[in-house]
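Colleague: Supplied structure: structure03.tsv, TSV, N, CA and C atoms.
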```
chain	number	residue	atom	x	y	z
P	1	MET	N	5.06	-11.31	14.10
P	1	MET	CA	5.03	-10.14	14.95
P	1	MET	C	4.10	-9.07	14.37
P	2	ASN	N	4.01	-8.97	13.05
P	2	ASN	CA	3.14	-8.00	12.37
P	2	ASN	C	2.18	-8.77	11.46
P	3	PRO	N	1.18	-9.42	12.01
P	3	PRO	CA	0.36	-10.32	11.20
P	3	PRO	C	-0.39	-9.65	10.05
P	4	VAL	N	-0.90	-8.46	10.25
P	4	VAL	CA	-1.64	-7.79	9.16
P	4	VAL	C	-0.67	-7.39	8.05
P	5	GLN	N	0.43	-6.77	8.41
P	5	GLN	CA	1.42	-6.38	7.40
P	5	GLN	C	1.94	-7.61	6.66
P	6	ASN	N	2.22	-8.69	7.38
P	6	ASN	CA	2.69	-9.91	6.73
P	6	ASN	C	1.65	-10.48	5.78
P	7	SER	N	0.39	-10.40	6.16
P	7	SER	CA	-0.70	-10.89	5.31
P	7	SER	C	-0.80	-10.06	4.03
P	8	ILE	N	-0.69	-8.75	4.16
P	8	ILE	CA	-0.72	-7.87	2.99
P	8	ILE	C	0.44	-8.21	2.05
P	9	GLU	N	1.64	-8.34	2.61
P	9	GLU	CA	2.81	-8.65	1.80
P	9	GLU	C	2.65	-10.00	1.09
P	10	ALA	N	2.20	-11.01	1.81
P	10	ALA	CA	2.04	-12.34	1.22
P	10	ALA	C	1.02	-12.32	0.09
P	11	THR	N	-0.09	-11.65	0.31
P	11	THR	CA	-1.13	-11.59	-0.72
P	11	THR	C	-0.63	-10.87	-1.96
P	12	LEU	N	-0.01	-9.72	-1.79
P	12	LEU	CA	0.47	-8.96	-2.94
P	12	LEU	C	1.58	-9.71	-3.68
P	13	ASN	N	2.46	-10.39	-2.95
P	13	ASN	CA	3.49	-11.20	-3.60
P	13	ASN	C	2.87	-12.32	-4.43
P	14	GLU	N	1.86	-12.96	-3.88
P	14	GLU	CA	1.20	-14.06	-4.58
P	14	GLU	C	0.45	-13.59	-5.82
P	15	VAL	N	-0.27	-12.51	-5.70
P	15	VAL	CA	-1.14	-12.05	-6.79
P	15	VAL	C	-0.36	-11.32	-7.88
P	16	PHE	N	0.62	-10.51	-7.50
P	16	PHE	CA	1.27	-9.62	-8.47
P	16	PHE	C	2.71	-10.00	-8.83
P	17	ALA	N	3.32	-10.95	-8.14
P	17	ALA	CA	4.73	-11.31	-8.40
P	17	ALA	C	5.55	-10.03	-8.63
P	18	PRO	N	5.60	-9.15	-7.64
P	18	PRO	CA	6.18	-7.83	-7.86
P	18	PRO	C	7.69	-7.85	-8.08
P	19	ALA	N	8.13	-6.88	-8.89
P	19	ALA	CA	9.56	-6.62	-9.05
P	19	ALA	C	10.05	-5.87	-7.81
P	20	TYR	N	9.15	-5.13	-7.17
P	20	TYR	CA	9.47	-4.40	-5.94
P	20	TYR	C	8.18	-4.25	-5.15
P	21	LEU	N	8.28	-4.47	-3.84
P	21	LEU	CA	7.13	-4.30	-2.95
P	21	LEU	C	7.63	-3.75	-1.63
P	22	ALA	N	6.98	-2.68	-1.17
P	22	ALA	CA	7.24	-2.15	0.16
P	22	ALA	C	5.89	-1.90	0.82
P	23	VAL	N	5.70	-2.49	1.98
P	23	VAL	CA	4.49	-2.28	2.78
P	23	VAL	C	4.93	-1.68	4.10
P	24	VAL	N	4.50	-0.44	4.35
P	24	VAL	CA	4.93	0.29	5.54
P	24	VAL	C	3.71	0.54	6.42
P	25	ASN	N	3.82	0.12	7.67
P	25	ASN	CA	2.76	0.37	8.64
P	25	ASN	C	2.89	1.82	9.11
P	26	GLU	N	1.92	2.64	8.75
P	26	GLU	CA	1.92	4.05	9.14
P	26	GLU	C	0.89	4.35	10.23
P	27	SER	N	0.44	3.33	10.90
P	27	SER	CA	-0.59	3.51	11.93
P	27	SER	C	-0.16	4.46	13.02
P	28	HIS	N	1.13	4.46	13.35
P	28	HIS	CA	1.63	5.34	14.41
P	28	HIS	C	1.42	6.82	14.09
P	29	MET	N	1.15	7.14	12.82
P	29	MET	CA	0.94	8.53	12.41
P	29	MET	C	-0.53	8.95	12.56
P	30	HIS	N	-1.35	8.05	13.09
P	30	HIS	CA	-2.79	8.30	13.17
P	30	HIS	C	-3.29	8.12	14.60
P	31	SER	N	-4.52	8.50	14.81
P	31	SER	CA	-5.12	8.43	16.15
P	31	SER	C	-5.64	7.02	16.42
P	32	VAL	N	-4.70	6.11	16.64
P	32	VAL	CA	-5.05	4.72	16.94
P	32	VAL	C	-4.19	4.26	18.11
P	33	PRO	N	-4.58	3.17	18.77
P	33	PRO	CA	-3.79	2.67	19.89
P	33	PRO	C	-2.38	2.25	19.44
P	34	PRO	N	-1.42	2.27	20.34
P	34	PRO	CA	-0.06	1.81	20.01
P	34	PRO	C	-0.08	0.38	19.47
P	35	ASN	N	0.85	0.10	18.57
P	35	ASN	CA	1.02	-1.22	17.95
P	35	ASN	C	-0.14	-1.62	17.04
P	36	SER	N	-0.93	-0.66	16.59
P	36	SER	CA	-2.02	-0.96	15.67
P	36	SER	C	-1.49	-1.27	14.28
P	37	GLU	N	-2.28	-1.99	13.52
P	37	GLU	CA	-1.99	-2.27	12.12
P	37	GLU	C	-3.24	-1.91	11.31
P	38	THR	N	-3.44	-0.62	11.11
P	38	THR	CA	-4.66	-0.15	10.47
P	38	THR	C	-4.41	0.72	9.24
P	39	HIS	N	-3.27	1.37	9.18
P	39	HIS	CA	-2.95	2.31	8.10
P	39	HIS	C	-1.62	1.90	7.46
P	40	PHE	N	-1.65	1.70	6.13
P	40	PHE	CA	-0.46	1.23	5.44
P	40	PHE	C	-0.19	2.03	4.18
P	41	LYS	N	1.10	2.15	3.88
P	41	LYS	CA	1.53	2.70	2.59
P	41	LYS	C	2.12	1.54	1.80
P	42	VAL	N	1.60	1.33	0.59
P	42	VAL	CA	2.04	0.23	-0.26
P	42	VAL	C	2.66	0.80	-1.53
P	43	THR	N	3.88	0.39	-1.80
P	43	THR	CA	4.52	0.68	-3.08
P	43	THR	C	4.65	-0.66	-3.79
P	44	LEU	N	4.01	-0.76	-4.95
P	44	LEU	CA	3.93	-2.01	-5.69
P	44	LEU	C	4.38	-1.78	-7.12
P	45	VAL	N	5.38	-2.55	-7.54
P	45	VAL	CA	5.89	-2.50	-8.91
P	45	VAL	C	5.70	-3.88	-9.51
P	46	SER	N	4.91	-3.96	-10.57
P	46	SER	CA	4.62	-5.26	-11.16
P	46	SER	C	4.31	-5.12	-12.65
P	47	GLU	N	4.74	-6.10	-13.41
P	47	GLU	CA	4.41	-6.16	-14.82
P	47	GLU	C	2.90	-6.27	-15.01
P	48	ALA	N	2.22	-6.84	-14.04
P	48	ALA	CA	0.75	-6.97	-14.12
P	48	ALA	C	0.05	-5.62	-14.15
P	49	LEU	N	0.76	-4.55	-13.80
P	49	LEU	CA	0.16	-3.22	-13.79
P	49	LEU	C	0.45	-2.42	-15.06
P	50	ALA	N	1.31	-2.95	-15.90
P	50	ALA	CA	1.66	-2.25	-17.15
P	50	ALA	C	0.43	-2.07	-18.03
P	51	GLY	N	0.29	-0.89	-18.59
P	51	GLY	CA	-0.82	-0.59	-19.50
P	51	GLY	C	-2.14	-0.31	-18.81
P	52	LYS	N	-2.15	-0.26	-17.51
P	52	LYS	CA	-3.39	0.02	-16.77
P	52	LYS	C	-3.34	1.42	-16.18
P	53	ARG	N	-4.51	2.07	-16.14
P	53	ARG	CA	-4.62	3.38	-15.50
P	53	ARG	C	-4.54	3.20	-13.99
P	54	GLN	N	-4.24	4.30	-13.28
P	54	GLN	CA	-4.11	4.22	-11.82
P	54	GLN	C	-5.36	3.65	-11.16
P	55	VAL	N	-6.54	4.08	-11.62
P	55	VAL	CA	-7.77	3.59	-10.99
P	55	VAL	C	-7.90	2.08	-11.18
P	56	GLN	N	-7.51	1.55	-12.33
P	56	GLN	CA	-7.56	0.12	-12.56
P	56	GLN	C	-6.57	-0.61	-11.66
P	57	ARG	N	-5.40	-0.04	-11.50
P	57	ARG	CA	-4.39	-0.63	-10.63
P	57	ARG	C	-4.89	-0.70	-9.19
P	58	HIS	N	-5.47	0.41	-8.74
P	58	HIS	CA	-5.97	0.45	-7.37
P	58	HIS	C	-7.11	-0.55	-7.18
P	59	GLN	N	-7.97	-0.68	-8.16
P	59	GLN	CA	-9.05	-1.66	-8.07
P	59	GLN	C	-8.49	-3.08	-7.95
P	60	LEU	N	-7.43	-3.37	-8.69
P	60	LEU	CA	-6.80	-4.69	-8.60
P	60	LEU	C	-6.24	-4.94	-7.20
P	61	VAL	N	-5.59	-3.95	-6.64
P	61	VAL	CA	-5.02	-4.09	-5.29
P	61	VAL	C	-6.14	-4.24	-4.27
P	62	TYR	N	-7.16	-3.40	-4.35
P	62	TYR	CA	-8.29	-3.50	-3.42
P	62	TYR	C	-8.94	-4.88	-3.52
P	63	GLY	N	-9.08	-5.40	-4.73
P	63	GLY	CA	-9.64	-6.73	-4.91
P	63	GLY	C	-8.78	-7.80	-4.27
P	64	ALA	N	-7.47	-7.70	-4.45
P	64	ALA	CA	-6.55	-8.68	-3.87
P	64	ALA	C	-6.58	-8.64	-2.35
P	65	LEU	N	-6.76	-7.45	-1.79
P	65	LEU	CA	-6.72	-7.28	-0.33
P	65	LEU	C	-8.12	-7.18	0.28
P	66	ALA	N	-9.11	-7.73	-0.38
P	66	ALA	CA	-10.50	-7.62	0.08
P	66	ALA	C	-10.67	-8.12	1.51
P	67	GLU	N	-10.04	-9.23	1.86
P	67	GLU	CA	-10.19	-9.76	3.22
P	67	GLU	C	-9.59	-8.83	4.26
P	68	GLN	N	-8.41	-8.31	3.98
P	68	GLN	CA	-7.78	-7.40	4.93
P	68	GLN	C	-8.59	-6.11	5.08
P	69	LEU	N	-9.18	-5.65	3.99
P	69	LEU	CA	-9.96	-4.42	4.02
P	69	LEU	C	-11.30	-4.60	4.75
P	70	LYS	N	-11.77	-5.82	4.86
P	70	LYS	CA	-13.00	-6.08	5.62
P	70	LYS	C	-12.77	-5.95	7.11
P	71	GLY	N	-11.55	-6.15	7.53
P	71	GLY	CA	-11.29	-6.20	8.96
P	71	GLY	C	-10.33	-5.13	9.44
P	72	PRO	N	-9.09	-5.51	9.62
P	72	PRO	CA	-8.17	-4.63	10.35
P	72	PRO	C	-7.71	-3.39	9.59
P	73	VAL	N	-7.65	-3.45	8.28
P	73	VAL	CA	-7.06	-2.34	7.52
P	73	VAL	C	-8.10	-1.24	7.32
P	74	HIS	N	-7.75	-0.06	7.77
P	74	HIS	CA	-8.63	1.10	7.66
P	74	HIS	C	-8.27	1.96	6.45
P	75	ALA	N	-6.97	2.03	6.13
P	75	ALA	CA	-6.53	2.93	5.05
P	75	ALA	C	-5.30	2.37	4.35
P	76	LEU	N	-5.29	2.56	3.03
P	76	LEU	CA	-4.14	2.19	2.20
P	76	LEU	C	-3.73	3.40	1.37
P	77	ALA	N	-2.48	3.75	1.43
P	77	ALA	CA	-1.92	4.74	0.49
P	77	ALA	C	-1.23	3.91	-0.57
P	78	LEU	N	-1.74	3.94	-1.79
P	78	LEU	CA	-1.22	3.09	-2.85
P	78	LEU	C	-0.36	3.89	-3.82
P	79	HIS	N	0.81	3.33	-4.10
P	79	HIS	CA	1.73	3.87	-5.11
P	79	HIS	C	2.07	2.70	-6.02
P	80	THR	N	1.47	2.69	-7.21
P	80	THR	CA	1.58	1.53	-8.09
P	80	THR	C	2.28	1.92	-9.39
P	81	PHE	N	3.17	1.05	-9.82
P	81	PHE	CA	4.01	1.33	-10.99
P	81	PHE	C	4.21	0.07	-11.83
P	82	SER	N	4.37	0.28	-13.13
P	82	SER	CA	4.91	-0.78	-13.97
P	82	SER	C	6.43	-0.76	-13.77
P	83	PRO	N	7.14	-1.82	-14.14
P	83	PRO	CA	8.60	-1.79	-14.00
P	83	PRO	C	9.26	-0.64	-14.77
P	84	ASP	N	8.75	-0.31	-15.95
P	84	ASP	CA	9.32	0.81	-16.73
P	84	ASP	C	9.11	2.14	-16.00
P	85	GLU	N	7.93	2.36	-15.45
P	85	GLU	CA	7.67	3.58	-14.69
P	85	GLU	C	8.58	3.67	-13.46
P	86	TRP	N	8.73	2.56	-12.78
P	86	TRP	CA	9.55	2.54	-11.57
P	86	TRP	C	11.02	2.83	-11.90
P	87	ALA	N	11.47	2.35	-13.04
P	87	ALA	CA	12.86	2.59	-13.45
P	87	ALA	C	13.11	4.10	-13.59
P	88	ARG	N	12.08	4.85	-13.97
P	88	ARG	CA	12.21	6.30	-14.12
P	88	ARG	C	11.98	7.03	-12.79
P	89	GLU	N	11.07	6.54	-11.96
P	89	GLU	CA	10.65	7.28	-10.76
P	89	GLU	C	11.43	6.87	-9.51
P	90	GLN	N	11.28	5.65	-9.09
P	90	GLN	CA	11.92	5.06	-7.91
P	90	GLN	C	11.77	5.91	-6.65
P	91	GLN	N	10.65	6.58	-6.52
P	91	GLN	CA	10.38	7.31	-5.29
P	91	GLN	C	8.89	7.50	-5.12
P	92	VAL	N	8.49	7.61	-3.87
P	92	VAL	CA	7.09	7.88	-3.54
P	92	VAL	C	7.07	9.03	-2.53
P	93	PRO	N	6.00	9.79	-2.52
P	93	PRO	CA	5.95	10.91	-1.58
P	93	PRO	C	5.80	10.45	-0.13
P	94	ASP	N	6.25	11.28	0.78
P	94	ASP	CA	6.03	11.02	2.20
P	94	ASP	C	4.54	11.18	2.48
P	95	SER	N	4.04	10.40	3.40
P	95	SER	CA	2.65	10.51	3.78
P	95	SER	C	2.48	11.63	4.80
P	96	PRO	N	1.36	12.35	4.71
P	96	PRO	CA	1.13	13.41	5.70
P	96	PRO	C	0.72	12.81	7.04
P	97	HIS	N	0.95	13.54	8.09
P	97	HIS	CA	0.48	13.10	9.41
P	97	HIS	C	-1.01	13.34	9.52
P	98	CYS	N	-1.66	12.51	10.27
P	98	CYS	CA	-3.10	12.57	10.46
P	98	CYS	C	-3.48	13.85	11.22
P	99	LEU	N	-4.56	14.47	10.78
P	99	LEU	CA	-5.10	15.63	11.48
P	99	LEU	C	-6.40	15.29	12.18
P	100	GLY	N	-6.78	14.01	12.13
P	100	GLY	CA	-8.04	13.58	12.74
P	100	GLY	C	-7.89	13.28	14.22
P	101	GLY	N	-8.99	12.88	14.81
P	101	GLY	CA	-8.98	12.52	16.22
P	101	GLY	C	-8.55	13.68	17.09
P	102	GLY	N	-7.71	13.41	18.07
P	102	GLY	CA	-7.26	14.44	19.00
P	102	GLY	C	-5.96	15.09	18.61
P	103	LYS	N	-5.50	14.90	17.37
P	103	LYS	CA	-4.18	15.41	16.98
P	103	LYS	C	-4.21	16.75	16.28
P	104	HIS	N	-5.38	17.38	16.10
P	104	HIS	CA	-5.38	18.69	15.41
P	104	HIS	C	-5.66	19.82	16.37
```
Take the structure from the file and write it as structure tokens.
Modeller:
Amino acid sequence: MNPVQNSIEATLNEVFAPAYLAVVNESHMHSVPPNSETHFKVTLVSEALAGKRQVQRHQLVYGALAEQLKGPVHALALHTFSPDEWAREQQVPDSPHCLGGGKH
């Protein structure tokens, strides 16, 4: 039913073996047609991210999702954690609503 979201989840599960993964379709918050799959918020917790800076973590995720980013995915809000960081934080900020298109 959600092919792009399912593809993102499958890829991240395969590449990162996450302790926690949440992929949220936030397309409805943007100026896109109904039922779009273009904007996502990803929360990824993986041992593979331990000891890496945020920019390195994001590069790894972008690399893993290269195919999705070539096509349907327009934007990713990434929240990446090692398991130790997640044990302390366990929260991500709410995403702002889009001010682009005809919504401002």
Colleague: From a DSSP calculation on the backbone, collect every residue of chain P in strand (DSSP E or B) and output the set as an NGL selection string.
Modeller: :P and (20-25 or 39-45 or 75-81)
Colleague: Store the residues of this selection in a file with N, CA and C atoms, as a PDB file, in the frame of the given file.
Modeller:
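File out_4.pdb, as written:
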```
ATOM      1  N   TYR P  20       9.150  -5.130  -7.170  1.00  0.00           N
ATOM      2  CA  TYR P  20       9.470  -4.400  -5.940  1.00  0.00           C
ATOM      3  C   TYR P  20       8.180  -4.250  -5.150  1.00  0.00           C
ATOM      4  N   LEU P  21       8.280  -4.470  -3.840  1.00  0.00           N
ATOM      5  CA  LEU P  21       7.130  -4.300  -2.950  1.00  0.00           C
ATOM      6  C   LEU P  21       7.630  -3.750  -1.630  1.00  0.00           C
ATOM      7  N   ALA P  22       6.980  -2.680  -1.170  1.00  0.00           N
ATOM      8  CA  ALA P  22       7.240  -2.150   0.160  1.00  0.00           C
ATOM      9  C   ALA P  22       5.890  -1.900   0.820  1.00  0.00           C
ATOM     10  N   VAL P  23       5.700  -2.490   1.980  1.00  0.00           N
ATOM     11  CA  VAL P  23       4.490  -2.280   2.780  1.00  0.00           C
ATOM     12  C   VAL P  23       4.930  -1.680   4.100  1.00  0.00           C
ATOM     13  N   VAL P  24       4.500  -0.440   4.350  1.00  0.00           N
ATOM     14  CA  VAL P  24       4.930   0.290   5.540  1.00  0.00           C
ATOM     15  C   VAL P  24       3.710   0.540   6.420  1.00  0.00           C
ATOM     16  N   ASN P  25       3.820   0.120   7.670  1.00  0.00           N
ATOM     17  CA  ASN P  25       2.760   0.370   8.640  1.00  0.00           C
ATOM     18  C   ASN P  25       2.890   1.820   9.110  1.00  0.00           C
ATOM     19  N   HIS P  39      -3.270   1.370   9.180  1.00  0.00           N
ATOM     20  CA  HIS P  39      -2.950   2.310   8.100  1.00  0.00           C
ATOM     21  C   HIS P  39      -1.620   1.900   7.460  1.00  0.00           C
ATOM     22  N   PHE P  40      -1.650   1.700   6.130  1.00  0.00           N
ATOM     23  CA  PHE P  40      -0.460   1.230   5.440  1.00  0.00           C
ATOM     24  C   PHE P  40      -0.190   2.030   4.180  1.00  0.00           C
ATOM     25  N   LYS P  41       1.100   2.150   3.880  1.00  0.00           N
ATOM     26  CA  LYS P  41       1.530   2.700   2.590  1.00  0.00           C
ATOM     27  C   LYS P  41       2.120   1.540   1.800  1.00  0.00           C
ATOM     28  N   VAL P  42       1.600   1.330   0.590  1.00  0.00           N
ATOM     29  CA  VAL P  42       2.040   0.230  -0.260  1.00  0.00           C
ATOM     30  C   VAL P  42       2.660   0.800  -1.530  1.00  0.00           C
ATOM     31  N   THR P  43       3.880   0.390  -1.800  1.00  0.00           N
ATOM     32  CA  THR P  43       4.520   0.680  -3.080  1.00  0.00           C
ATOM     33  C   THR P  43       4.650  -0.660  -3.790  1.00  0.00           C
ATOM     34  N   LEU P  44       4.010  -0.760  -4.950  1.00  0.00           N
ATOM     35  CA  LEU P  44       3.930  -2.010  -5.690  1.00  0.00           C
ATOM     36  C   LEU P  44       4.380  -1.780  -7.120  1.00  0.00           C
ATOM     37  N   VAL P  45       5.380  -2.550  -7.540  1.00  0.00           N
ATOM     38  CA  VAL P  45       5.890  -2.500  -8.910  1.00  0.00           C
ATOM     39  C   VAL P  45       5.700  -3.880  -9.510  1.00  0.00           C
ATOM     40  N   ALA P  75      -6.970   2.030   6.130  1.00  0.00           N
ATOM     41  CA  ALA P  75      -6.530   2.930   5.050  1.00  0.00           C
ATOM     42  C   ALA P  75      -5.300   2.370   4.350  1.00  0.00           C
ATOM     43  N   LEU P  76      -5.290   2.560   3.030  1.00  0.00           N
ATOM     44  CA  LEU P  76      -4.140   2.190   2.200  1.00  0.00           C
ATOM     45  C   LEU P  76      -3.730   3.400   1.370  1.00  0.00           C
ATOM     46  N   ALA P  77      -2.480   3.750   1.430  1.00  0.00           N
ATOM     47  CA  ALA P  77      -1.920   4.740   0.490  1.00  0.00           C
ATOM     48  C   ALA P  77      -1.230   3.910  -0.570  1.00  0.00           C
ATOM     49  N   LEU P  78      -1.740   3.940  -1.790  1.00  0.00           N
ATOM     50  CA  LEU P  78      -1.220   3.090  -2.850  1.00  0.00           C
ATOM     51  C   LEU P  78      -0.360   3.890  -3.820  1.00  0.00           C
ATOM     52  N   HIS P  79       0.810   3.330  -4.100  1.00  0.00           N
ATOM     53  CA  HIS P  79       1.730   3.870  -5.110  1.00  0.00           C
ATOM     54  C   HIS P  79       2.070   2.700  -6.020  1.00  0.00           C
ATOM     55  N   THR P  80       1.470   2.690  -7.210  1.00  0.00           N
ATOM     56  CA  THR P  80       1.580   1.530  -8.090  1.00  0.00           C
ATOM     57  C   THR P  80       2.280   1.920  -9.390  1.00  0.00           C
ATOM     58  N   PHE P  81       3.170   1.050  -9.820  1.00  0.00           N
ATOM     59  CA  PHE P  81       4.010   1.330 -10.990  1.00  0.00           C
ATOM     60  C   PHE P  81       4.210   0.070 -11.830  1.00  0.00           C
TER      61      PHE P  81
END
```
Colleague: Report as a list of chain:residue names all protein, DNA and RNA residues lying within 6 Å of Ala75 of chain P, evaluated on only N, CA and C atoms, omitting residues in the same chain fewer than 5 positions from it.
Modeller: P:Thr38, P:His39, P:Phe40
Colleague: Write out as a VMD selection string the set of residues from chain P that DSSP, computed on the backbone, places in alpha helix (DSSP H).
Modeller: chain P and resid 3 to 16 54 to 64 66 to 70 83 to 89
Colleague: From the set P:Ala66, P:Leu60, P:Met29, P:Asn6, which residue has the shortest atom-to-atom contact distance to Pro96 of chain P, counting only N, CA and C atoms?
Modeller: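 Looking only at the distances to Pro96 of chain P, the closest residue turns out to be P:Met29.
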Colleague: Quick one: what's the axis-aligned box for segment 9-16 of chain P, all listed atoms, 4 Å on every side, centre and edges in Å to one decimal, as AutoDock Vina command-line options?
Modeller:
```
--center_x 1.2 --center_y -11.2 --center_z -3.1 --size_x 12.6 --size_y 13.7 --size_z 19.4
```
Colleague: Using only N, CA and C atoms, determine which residues lie at most 5 Å from segment 81-83 of chain P, disregarding the query and same-chain residues fewer than 2 positions distant; provide the list as a list in words.
Modeller: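 Counting only the stated atoms, we get Leu44, Val45, Ser46, Glu47, Leu49, Ala50, His79, Glu85, Trp86 and Ala87 of chain P.
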Colleague: With distances taken over all atoms listed in the file, which residue among P:Val61, P:Val23, P:Glu37, P:Pro18 lies nearest His74 of chain P?
Modeller: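 When distances to His74 of chain P are compared using all atoms listed in the file, the smallest one comes from P:Glu37.
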Colleague: Distance atom CA of Leu76 of chain P-atom CA of Lys41 of chain P, one decimal place?
Modeller: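 Between atom CA of Leu76 of chain P and atom CA of Lys41 of chain P the gap is 5.7 Å.
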